[in-house]
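Have a look at structure.cif below; it lists mmCIF, C-alpha atoms.
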```
data_run
#
loop_
_atom_site.label_atom_id
_atom_site.label_comp_id
_atom_site.auth_asym_id
_atom_site.auth_seq_id
_atom_site.Cartn_x
_atom_site.Cartn_y
_atom_site.Cartn_z
CA MET A 20 0.13 -15.68 53.18
CA GLU A 21 -3.67 -15.92 52.99
CA TYR A 22 -5.38 -15.50 49.66
CA ILE A 23 -8.85 -14.64 48.40
CA GLU A 24 -10.18 -16.90 45.66
CA LEU A 25 -12.56 -15.15 43.29
CA LYS A 26 -14.73 -17.41 41.13
CA ILE A 27 -15.97 -15.28 38.24
CA ASN A 28 -18.71 -16.33 35.84
CA VAL A 29 -18.07 -14.76 32.44
CA LEU A 30 -18.13 -15.77 28.76
CA PRO A 31 -14.80 -17.03 27.34
CA GLU A 32 -14.36 -14.06 24.99
CA TYR A 33 -14.13 -11.69 27.98
CA VAL A 34 -11.72 -13.69 30.14
CA ASP A 35 -8.59 -12.07 28.71
CA ILE A 36 -10.01 -8.59 29.36
CA LEU A 37 -10.75 -9.45 32.98
CA VAL A 38 -7.36 -11.02 33.58
CA ALA A 39 -5.59 -7.92 32.25
CA GLU A 40 -7.65 -5.69 34.54
CA LEU A 41 -7.23 -7.94 37.60
CA VAL A 42 -3.44 -8.02 37.18
CA ASP A 43 -3.52 -4.25 37.73
CA LEU A 44 -5.52 -4.92 40.93
CA HIS A 45 -2.67 -7.12 42.25
CA TYR A 46 -4.20 -10.52 41.45
CA GLU A 47 -1.39 -13.05 41.17
CA GLY A 48 -2.84 -16.21 39.67
CA PHE A 49 -5.57 -17.28 37.29
CA VAL A 50 -7.19 -20.58 36.35
CA GLU A 51 -9.57 -20.74 33.41
CA THR A 52 -12.73 -22.75 34.12
CA ASP A 53 -15.75 -23.88 32.15
CA LYS A 54 -17.72 -21.01 33.74
CA GLY A 55 -15.11 -18.27 33.40
CA VAL A 56 -12.01 -17.77 35.51
CA ASP A 57 -10.78 -18.22 39.09
CA ALA A 58 -8.54 -15.40 40.30
CA TYR A 59 -6.32 -15.19 43.40
CA VAL A 60 -5.23 -12.13 45.37
CA PRO A 61 -3.56 -11.67 48.80
CA VAL A 62 -6.18 -10.93 51.47
CA ASN A 63 -4.65 -7.54 52.30
CA LEU A 64 -4.96 -6.44 48.64
CA PHE A 65 -8.57 -7.56 48.11
CA ASP A 66 -10.65 -4.48 47.19
CA THR A 67 -14.41 -4.88 46.71
CA THR A 68 -14.79 -1.24 45.64
CA ALA A 69 -12.30 -1.76 42.81
CA LEU A 70 -14.25 -4.84 41.70
CA GLU A 71 -17.50 -2.88 41.65
CA GLU A 72 -15.85 -0.17 39.54
CA LEU A 73 -14.52 -2.87 37.18
CA GLY A 74 -18.01 -4.32 36.79
CA GLN A 75 -19.41 -0.88 36.00
CA LYS A 76 -16.67 -0.22 33.47
CA TYR A 77 -17.65 -3.26 31.39
CA GLN A 78 -21.37 -3.44 32.19
CA GLU A 79 -22.34 -2.84 28.55
CA LEU A 80 -20.25 -5.85 27.46
CA PHE A 81 -20.97 -8.34 30.24
CA LYS A 82 -22.25 -8.78 33.77
CA MET A 83 -19.50 -9.81 36.17
CA ASN A 84 -20.88 -12.28 38.71
CA TYR A 85 -18.47 -13.68 41.28
CA ASN A 86 -18.14 -15.44 44.62
CA SER A 87 -15.20 -14.88 46.95
CA THR A 88 -13.67 -17.26 49.48
CA THR A 89 -10.78 -16.84 51.91
CA LEU A 90 -8.36 -19.73 51.46
CA GLU A 91 -6.32 -21.28 54.22
CA LYS A 92 -2.62 -20.51 54.38
CA GLN A 93 -0.67 -22.91 52.21
CA ASN A 94 2.53 -23.38 50.27
CA TRP A 95 1.43 -22.24 46.81
CA ASN A 96 4.45 -23.62 45.01
CA GLU A 97 3.82 -27.00 46.61
CA THR A 98 0.13 -26.79 45.65
CA TRP A 99 1.06 -26.04 42.03
CA GLU A 100 3.43 -29.00 41.95
CA LYS A 101 0.78 -31.36 43.29
CA ASN A 102 -1.95 -30.25 40.88
CA TYR A 103 -0.10 -29.18 37.76
CA ASP A 104 0.41 -32.24 35.56
CA PRO A 105 2.45 -32.44 32.35
CA VAL A 106 0.48 -32.40 29.09
CA MET A 107 1.18 -34.89 26.31
CA VAL A 108 0.05 -34.03 22.78
CA ASN A 109 -0.34 -36.99 20.42
CA ASP A 110 2.64 -38.70 22.05
CA GLN A 111 4.85 -36.28 20.08
CA CYS A 112 5.12 -33.28 22.38
CA ILE A 113 5.26 -32.94 26.15
CA ILE A 114 4.53 -29.65 27.91
CA ARG A 115 5.98 -29.56 31.41
CA THR A 116 7.40 -27.27 34.07
CA THR A 117 10.85 -27.08 35.59
CA PHE A 118 9.79 -29.23 38.57
CA HIS A 119 8.60 -32.18 36.45
CA GLN A 120 11.00 -35.07 35.93
CA ILE A 121 10.02 -37.01 32.81
CA ASP A 122 11.71 -40.31 31.94
CA LYS A 123 10.03 -40.95 28.60
CA LYS A 124 11.57 -39.17 25.64
CA PHE A 125 9.34 -37.15 23.32
CA PRO A 126 10.30 -35.70 19.94
CA TYR A 127 9.42 -32.23 21.27
CA GLU A 128 9.53 -30.82 24.78
CA ILE A 129 8.22 -27.42 25.88
CA ILE A 130 8.87 -25.97 29.34
CA ILE A 131 6.28 -23.48 30.59
CA ASN A 132 6.56 -21.74 33.96
CA PRO A 133 3.06 -22.18 35.44
CA LYS A 134 2.56 -18.72 36.86
CA MET A 135 -0.86 -18.75 35.21
CA SER A 136 -2.80 -21.52 33.50
CA PHE A 137 -3.25 -19.67 30.19
CA GLY A 138 -1.30 -21.32 27.40
CA THR A 139 0.02 -24.21 29.43
CA GLY A 140 -1.50 -26.81 27.12
CA HIS A 141 -4.18 -27.80 29.62
CA HIS A 142 -6.89 -25.86 27.82
CA ALA A 143 -8.39 -27.58 24.79
CA THR A 144 -7.69 -24.66 22.45
CA THR A 145 -3.94 -24.74 23.14
CA THR A 146 -3.83 -28.50 22.65
CA LEU A 147 -5.74 -28.20 19.36
CA MET A 148 -3.35 -25.54 18.07
CA ILE A 149 -0.31 -27.66 18.87
CA GLU A 150 -1.93 -30.71 17.27
CA HIS A 151 -2.33 -28.66 14.09
CA GLN A 152 1.24 -27.37 14.30
CA LEU A 153 2.58 -30.92 14.50
CA THR A 154 0.98 -31.69 11.11
CA MET A 155 2.47 -28.65 9.35
CA ASP A 156 5.78 -27.79 7.70
CA PHE A 157 7.47 -24.98 9.64
CA GLN A 158 10.92 -25.44 8.11
CA GLN A 159 12.37 -22.08 6.98
CA LYS A 160 9.00 -20.38 7.53
CA GLN A 161 8.31 -16.90 8.86
CA VAL A 162 5.66 -17.10 11.59
CA LEU A 163 3.42 -14.66 13.46
CA ASP A 164 1.87 -15.66 16.81
CA MET A 165 -0.93 -13.23 17.69
CA GLY A 166 -2.12 -13.30 21.28
CA CYS A 167 0.91 -15.31 22.32
CA GLY A 168 -0.04 -15.68 26.02
CA THR A 169 2.80 -17.73 27.54
CA GLY A 170 4.61 -17.99 24.18
CA ILE A 171 3.89 -21.70 23.89
CA LEU A 172 2.86 -21.69 20.21
CA ALA A 173 5.81 -19.51 19.20
CA ILE A 174 8.14 -21.89 21.06
CA MET A 175 6.57 -24.85 19.26
CA ALA A 176 7.05 -23.06 15.93
CA GLU A 177 10.78 -22.60 16.57
CA LYS A 178 11.20 -26.23 17.63
CA LEU A 179 9.48 -27.23 14.38
CA GLY A 180 12.05 -25.30 12.34
CA ALA A 181 10.66 -21.80 11.77
CA THR A 182 13.26 -19.23 10.71
CA THR A 183 11.76 -16.20 12.47
CA ILE A 184 8.80 -15.81 14.80
CA ASP A 185 7.11 -12.58 15.84
CA ALA A 186 5.03 -13.09 19.02
CA VAL A 187 2.59 -10.37 20.06
CA ASP A 188 0.19 -9.86 22.96
CA ILE A 189 -1.79 -6.91 24.31
CA ASP A 190 -0.88 -7.58 27.95
CA ASP A 191 2.38 -6.73 29.71
CA TRP A 192 2.14 -9.85 31.90
CA SER A 193 1.86 -12.08 28.82
CA VAL A 194 4.90 -10.53 27.17
CA GLU A 195 6.91 -10.82 30.39
CA ASN A 196 5.87 -14.44 30.94
CA SER A 197 6.62 -15.27 27.29
CA ILE A 198 10.12 -13.79 27.60
CA GLU A 199 10.75 -16.04 30.60
CA ASN A 200 9.45 -19.14 28.83
CA VAL A 201 11.39 -18.39 25.65
CA GLY A 202 14.53 -18.33 27.81
CA LEU A 203 13.62 -21.59 29.55
CA ASN A 204 13.35 -23.26 26.13
CA HIS A 205 16.61 -21.72 24.82
CA CYS A 206 14.82 -20.22 21.83
CA GLN A 207 16.74 -17.73 19.71
CA LYS A 208 14.39 -16.85 16.87
CA ILE A 209 11.37 -15.40 18.72
CA LYS A 210 10.86 -11.63 18.89
CA LEU A 211 8.30 -10.53 21.48
CA GLN A 212 6.39 -7.29 21.59
CA LYS A 213 3.29 -5.73 23.11
CA GLY A 214 0.54 -4.68 20.71
CA THR A 215 -2.28 -5.80 18.45
CA VAL A 216 -2.31 -6.96 14.85
CA ASP A 217 -2.86 -3.37 13.68
CA THR A 218 -0.44 -1.62 16.08
CA ALA A 219 2.50 -4.03 16.36
CA ASN A 220 5.64 -3.69 14.25
CA LEU A 221 5.04 -6.61 11.89
CA LYS A 222 6.68 -7.92 8.75
CA GLU A 223 4.82 -7.37 5.52
CA LYS A 224 4.13 -11.08 5.02
CA TYR A 225 4.23 -14.34 7.00
CA ASP A 226 4.06 -17.94 5.81
CA ILE A 227 2.08 -19.03 8.87
CA ILE A 228 -0.05 -17.00 11.29
CA LEU A 229 -1.14 -18.53 14.61
CA ALA A 230 -4.03 -16.91 16.51
CA ASN A 231 -5.50 -18.58 19.59
CA ILE A 232 -7.61 -15.70 20.88
CA ASN A 233 -11.43 -15.62 20.83
CA ARG A 234 -14.23 -15.49 18.29
CA ASN A 235 -14.85 -11.74 18.34
CA VAL A 236 -11.20 -10.77 17.98
CA LEU A 237 -10.61 -13.35 15.25
CA VAL A 238 -13.56 -12.08 13.22
CA HIS A 239 -12.48 -8.46 13.65
CA ASP A 240 -8.83 -9.17 12.75
CA MET A 241 -9.45 -11.43 9.73
CA PRO A 242 -8.65 -8.68 7.16
CA TYR A 243 -5.31 -8.07 8.88
CA TYR A 244 -4.46 -11.77 8.79
CA HIS A 245 -5.23 -11.78 5.08
CA GLN A 246 -3.07 -8.70 4.58
CA HIS A 247 -0.04 -10.19 6.35
CA LEU A 248 -0.32 -13.74 4.96
CA THR A 249 1.65 -14.86 1.91
CA ASP A 250 -0.25 -16.35 -1.04
CA LYS A 251 -0.80 -20.04 -0.23
CA GLY A 252 0.11 -19.25 3.39
CA PHE A 253 -1.69 -20.76 6.39
CA LEU A 254 -3.76 -19.21 9.17
CA VAL A 255 -4.32 -21.44 12.23
CA VAL A 256 -7.00 -20.24 14.65
CA SER A 257 -8.71 -21.35 17.85
CA GLY A 258 -10.46 -19.87 20.88
CA PHE A 259 -14.04 -20.42 19.73
CA TYR A 260 -16.72 -23.05 20.18
CA GLU A 261 -17.75 -25.69 17.65
CA ALA A 262 -21.01 -23.76 17.20
CA ASP A 263 -18.98 -20.82 15.82
CA VAL A 264 -17.22 -22.77 13.06
CA LYS A 265 -19.62 -21.61 10.34
CA LEU A 266 -19.18 -17.99 11.36
CA MET A 267 -15.42 -18.37 11.19
CA GLU A 268 -15.62 -20.07 7.78
CA ASN A 269 -17.93 -17.44 6.33
CA THR A 270 -15.79 -14.59 7.62
CA ALA A 271 -12.55 -16.13 6.35
CA ARG A 272 -14.07 -16.83 2.93
CA LYS A 273 -14.53 -13.09 2.37
CA TYR A 274 -10.73 -12.79 2.45
CA ASN A 275 -9.86 -15.73 0.17
CA LEU A 276 -9.14 -18.02 3.13
CA GLU A 277 -10.33 -21.59 2.70
CA ALA A 278 -10.76 -24.00 5.62
CA ILE A 279 -8.69 -27.13 4.96
CA ASN A 280 -8.52 -28.86 8.36
CA TYR A 281 -10.62 -28.96 11.51
CA LYS A 282 -10.13 -30.22 15.05
CA THR A 283 -12.54 -30.24 17.98
CA LYS A 284 -12.10 -31.03 21.66
CA ASP A 285 -14.46 -30.45 24.60
CA SER A 286 -16.75 -28.35 22.36
CA TRP A 287 -13.82 -26.06 21.40
CA SER A 288 -12.65 -25.90 17.78
CA SER A 289 -9.58 -25.04 15.74
CA ILE A 290 -9.26 -24.52 11.98
CA ILE A 291 -6.41 -24.29 9.48
CA PHE A 292 -7.16 -21.85 6.66
CA LYS A 293 -5.15 -21.60 3.43
CA LYS A 294 -4.94 -18.36 1.49
CA HIS A 295 -5.84 -18.50 -2.19
CA ILE A 296 -3.82 -16.45 -4.66
CA SER A 297 -5.66 -13.16 -4.99
#
```
What do you get writing this file as structure tokens?
Amino acid sequence: MEYIELKINVLPEYVDILVAELVDLHYEGFVETDKGVDAYVPVNLFDTTALEELGQKYQELFKMNYNSTTLEKQNWNETWEKNYDPVMVNDQCIIRTTFHQIDKKFPYEIIINPKMSFGTGHHATTTLMIEHQLTMDFQQKQVLDMGCGTGILAIMAEKLGATTIDAVDIDDWSVENSIENVGLNHCQKIKLQKGTVDTANLKEKYDIILANINRNVLVHDMPYYHQHLTDKGFLVVSGFYEADVKLMENTARKYNLEAINYKTKDSWSSIIFKKHIS
């Protein structure tokens, strides 16, 4: 089958919105880039009118610039296998797919079906979040993963000993992909649902909240994180640039959340916040 490759230039905070919309337009694969996102759709389903309508829908938020190219026929599964490498995090965790054969033993192994590149560990923000998780005590903890994507952080939380994990995302495709990946990793303690932090069916309090989303959503949802976090609980966030660290700190401070650890990679940042007793 021939595919159209769409290279879209857009700010990181709007990538998730575009992906959700493009899934409804029959796009089948996505790769996040430093300029935005590459999207793939079968030639017979490529609709320029629908793209123009999409651009008009979000014109007040962003301008959607893109270039399209018709790709040669190829075996997409074979292409994935050639170009999709395992990810090693601090020599403690390996993130791989079902077609990878790994000889070296790691303390933790996560299997992610690479239908899309989001949450596979290749992006700096996912790696930073897992690096933070590996330094934390998840034993007997109740965990919330907001914006779960492929479910990778929730899976890591269970492997680290969490008692219960609620994983939430706004997109149907994320929830479906997470369900598949949870099964691949034989996890039993993760409950998945579609929603947002203010619409999902959440527990009153969590010991740890994980949120790898984007700057605007994190800032908007900070009061909800505070509301659902136990006293002395931890909020781990990423999805924003190093230049936005001060904004994140100042916003969190309004809700008795103190930054206690930082990590940065490829200009992306991640922070662990601890909640003070109110």
- Item | Residues near region 168-177 of chain A, cut-off 7 Å, only C-alpha atoms, skip fewer than 5 positions along chain, as a list in words | Phe137, Gly138, Ile149, Phe157, Ile184, Ala186, Asp188, Ser193, Asn196, Ser197, Asn200, Val201, Cys206, Lys208 and Ile209 of chain A
- Selection result for the PyMOL selection byres ((chain A and resi 266-273) around 9) on this file, as a list in words: Arg234, Leu237, Val238, Met241, Pro242, His245, Phe259, Ala262, Asp263, Val264, Lys265, Tyr274, Asn275, Leu276, Glu277, Ala278, Ile290 and Phe292 of chain A
Would you kindly identify which residues have an atom no farther than 8 Å from (11.5, -33.0, 18.4), using only C-alpha atoms and the file's own coordinates, and write them out as an mmCIF file with C-alpha atoms, in the frame of the given file?
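Below is the file that was written, point29.cif:
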```cif
data_model
loop_
_atom_site.group_PDB
_atom_site.id
_atom_site.type_symbol
_atom_site.label_atom_id
_atom_site.label_comp_id
_atom_site.auth_asym_id
_atom_site.auth_seq_id
_atom_site.Cartn_x
_atom_site.Cartn_y
_atom_site.Cartn_z
ATOM 1 C CA GLN A 111 4.850 -36.280 20.080
ATOM 2 C CA CYS A 112 5.120 -33.280 22.380
ATOM 3 C CA PHE A 125 9.340 -37.150 23.320
ATOM 4 C CA PRO A 126 10.300 -35.700 19.940
ATOM 5 C CA TYR A 127 9.420 -32.230 21.270
ATOM 6 C CA GLU A 128 9.530 -30.820 24.780
ATOM 7 C CA LYS A 178 11.200 -26.230 17.630
ATOM 8 C CA LEU A 179 9.480 -27.230 14.380
#
```
- Result set, the PyMOL selection byres ((chain A and resi 22-38) around 7) on current file, as number ranges by chain: A: 20-21, 39-42, 54-62, 83-90, 233-234
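Reported to one decimal place, the separation of CA of His247 (chain A) from CA of Ile114 (chain A) is 29.4 Å.
From CA of Thr145 (chain A) back to CA of Gly258 (chain A), the distance works out to 8.4 Å.
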- Task: To verify the selection step, state as JSON, numbers by chain which residues the PyMOL selection byres ((chain A and resi 213) around 8) yields on this input.
- Result: {"A": [187, 188, 189, 190, 191, 194, 211, 212, 214, 215, 219]}
